[in-house]
Amino acid sequence: MRRRHYPYRGLLAAAAVGVLTLTTLTAAQAAPAPLTDPAEAAALAEQLGNERTAGVYYRNERLVVAVTDQDAAETVRSAGAVAEVVPHSTAELDSVKAKLDQLPGIPNTAWSVNQSSNRVDVKIYDGVSEADKARIENSVSAYGDTVDITEHSGKIESAAYAMRGGLGITSADIPGWIMTCSAGFNVQNASGKKYMLTAGHCMGDGAVNWRRRSGDIPLGRAVDWTYGNDTEQSDYGVVEYSNSNVTPYGTIQYKDGSTGQISRSASAFEGEKVKRIGTMSQDLDGMVLATNATVTYNDGTTLRHMIEASNCGKHGDSGGPLFSGETALGIDSGGNYLDEPCGNSDPQQDRSSWYQPVYTVLLWEGLKVY
């Protein structure tokens, strides 16, 4: 507020008091009523244009219109709203956000135009790699103080039920028996429809309706499966997600609740270091022993073109993921010593397990990891 000071000069100054008081009252009576309708404030900002304004928001229960020049500020005040002069316009802030939006989706990040701070707020949560942080910073490096990057704890998840590779799944379709297996990898078709890969032998005897073991949450129904009775003598099943309250993530989940992204699939290589997860055990570390193994199980079923690895496993781990870094390699089919303890510290050297190669399933079924 501008305050003007006038010197008093005898009676002339005294006589002017009445005039000044009258002028002040007249100005007060002419002041516009406070603007309280946010739609009107938004219309005012639209009228001024996004090059001269920077948003409408509440501060101390009063509507504020951010502007970039004094003339626009006077227009806002004359309409009864509070004006705040800021350095960055809506057009500039939207341009910065559009630049960030061009990045491929980075899990556990969020960004938005914060009108009250006149910045683009970028929030990075737990689980974002240093490489992804660098990608974000490089993307907005030219915008200076227009962007505010902050780090936060926790991970961003949908309120829906989460489903990830390695979690337990069950089916009660077989009378008197509950089948327990493990989810392998979440995949999708060309239109984005989501499916889960697991072991085909889990569908034996008609177990086709599947639920998440934790919470007994319905997931969906198997739409295709095979166990040694196809041309390739393979072992895999495809479950179509049908519960809209379930969010299938393109990740695997470890026993401690942490997750890992799966972004590609590939052939395994002999000697390659691998990890495995299952609902009944978690033998993380292993090595590929063979990439084109033929194995005949105790029930007489022969499987071909399987991956053999040194990881152990237990009953219920069937269908779980075999992977290396972010690369999906195999779907757990079986192994030896399934009734024995299993873990990273297990000293037994004669453990073996066999896996259906993922890339062949994706090729046959027209699916891909994400």
# chains A, B, ... in the order shown; residues from 1 in each chain; ligands from 1
call {"tool": "residues_around", "arguments": {"residues": "range 231-240 of chain A", "least_positions_apart": "5", "cutoff": "10 Å", "atoms": "only C-alpha atoms", "output": "PyMOL selection string"}}
result
chain A and resi 183-188+193-203+208-210+219-226+294+301-306+318-319+330-334+355-358+360-361+365
call {"tool": "select_by_dssp", "arguments": {"residues": "range 86-245 of chain A", "states": "alpha helix (DSSP H)", "output": "ChimeraX atom specification"}}
result
/A:90-101,130-139
call {"tool": "atom_distance", "arguments": {"atom1": "CA of Arg59 in chain A", "atom2": "CA of Gly144 in chain A"}}
result
25.6 Å
call {"tool": "closest_residue", "arguments": {"among": "A:Ala72, A:Val147, A:Val140, A:Val85", "to": "Ser112 in chain A", "atoms": "only C-alpha atoms"}}
result
A:Val147
call {"tool": "residues_around", "arguments": {"residues": "range 127-134 of chain A", "least_positions_apart": "3", "cutoff": "8 Å", "atoms": "only C-alpha atoms", "output": "PyMOL selection string"}}
result
chain A and resi 106-109+124+137-138+155
call {"tool": "write_last_selection", "arguments": {"atoms": "N, CA and C atoms", "output": "tab-separated table (two decimals), in the first residue's frame"}}
result
chain	number	residue	atom	x	y	z
A	106	ILE	N	8.35	-43.26	-14.77
A	106	ILE	CA	9.35	-43.65	-13.77
A	106	ILE	C	8.61	-43.95	-12.47
A	107	PRO	N	8.54	-45.23	-12.05
A	107	PRO	CA	7.81	-45.56	-10.83
A	107	PRO	C	8.27	-44.74	-9.64
A	108	ASN	N	7.33	-44.38	-8.78
A	108	ASN	CA	7.59	-43.65	-7.54
A	108	ASN	C	8.06	-42.21	-7.77
A	109	THR	N	7.50	-41.58	-8.80
A	109	THR	CA	7.73	-40.16	-9.03
A	109	THR	C	6.40	-39.47	-9.27
A	124	ILE	N	10.30	-37.15	-5.70
A	124	ILE	CA	10.94	-38.44	-5.94
A	124	ILE	C	10.84	-39.27	-4.66
A	137	GLU	N	16.61	-34.75	-13.71
A	137	GLU	CA	17.36	-33.51	-13.55
A	137	GLU	C	17.85	-32.98	-14.90
A	138	ASN	N	18.32	-33.87	-15.76
A	138	ASN	CA	18.78	-33.45	-17.08
A	138	ASN	C	17.65	-32.89	-17.92
A	155	LYS	N	6.65	-45.43	-0.92
A	155	LYS	CA	6.47	-45.75	-2.33
A	155	LYS	C	5.04	-45.43	-2.73
call {"tool": "residues_around", "arguments": {"residues": "Glu84 in chain A", "least_positions_apart": "5", "cutoff": "8 Å", "atoms": "only C-alpha atoms", "output": "PyMOL selection string"}}
result
chain A and resi 64-67+73
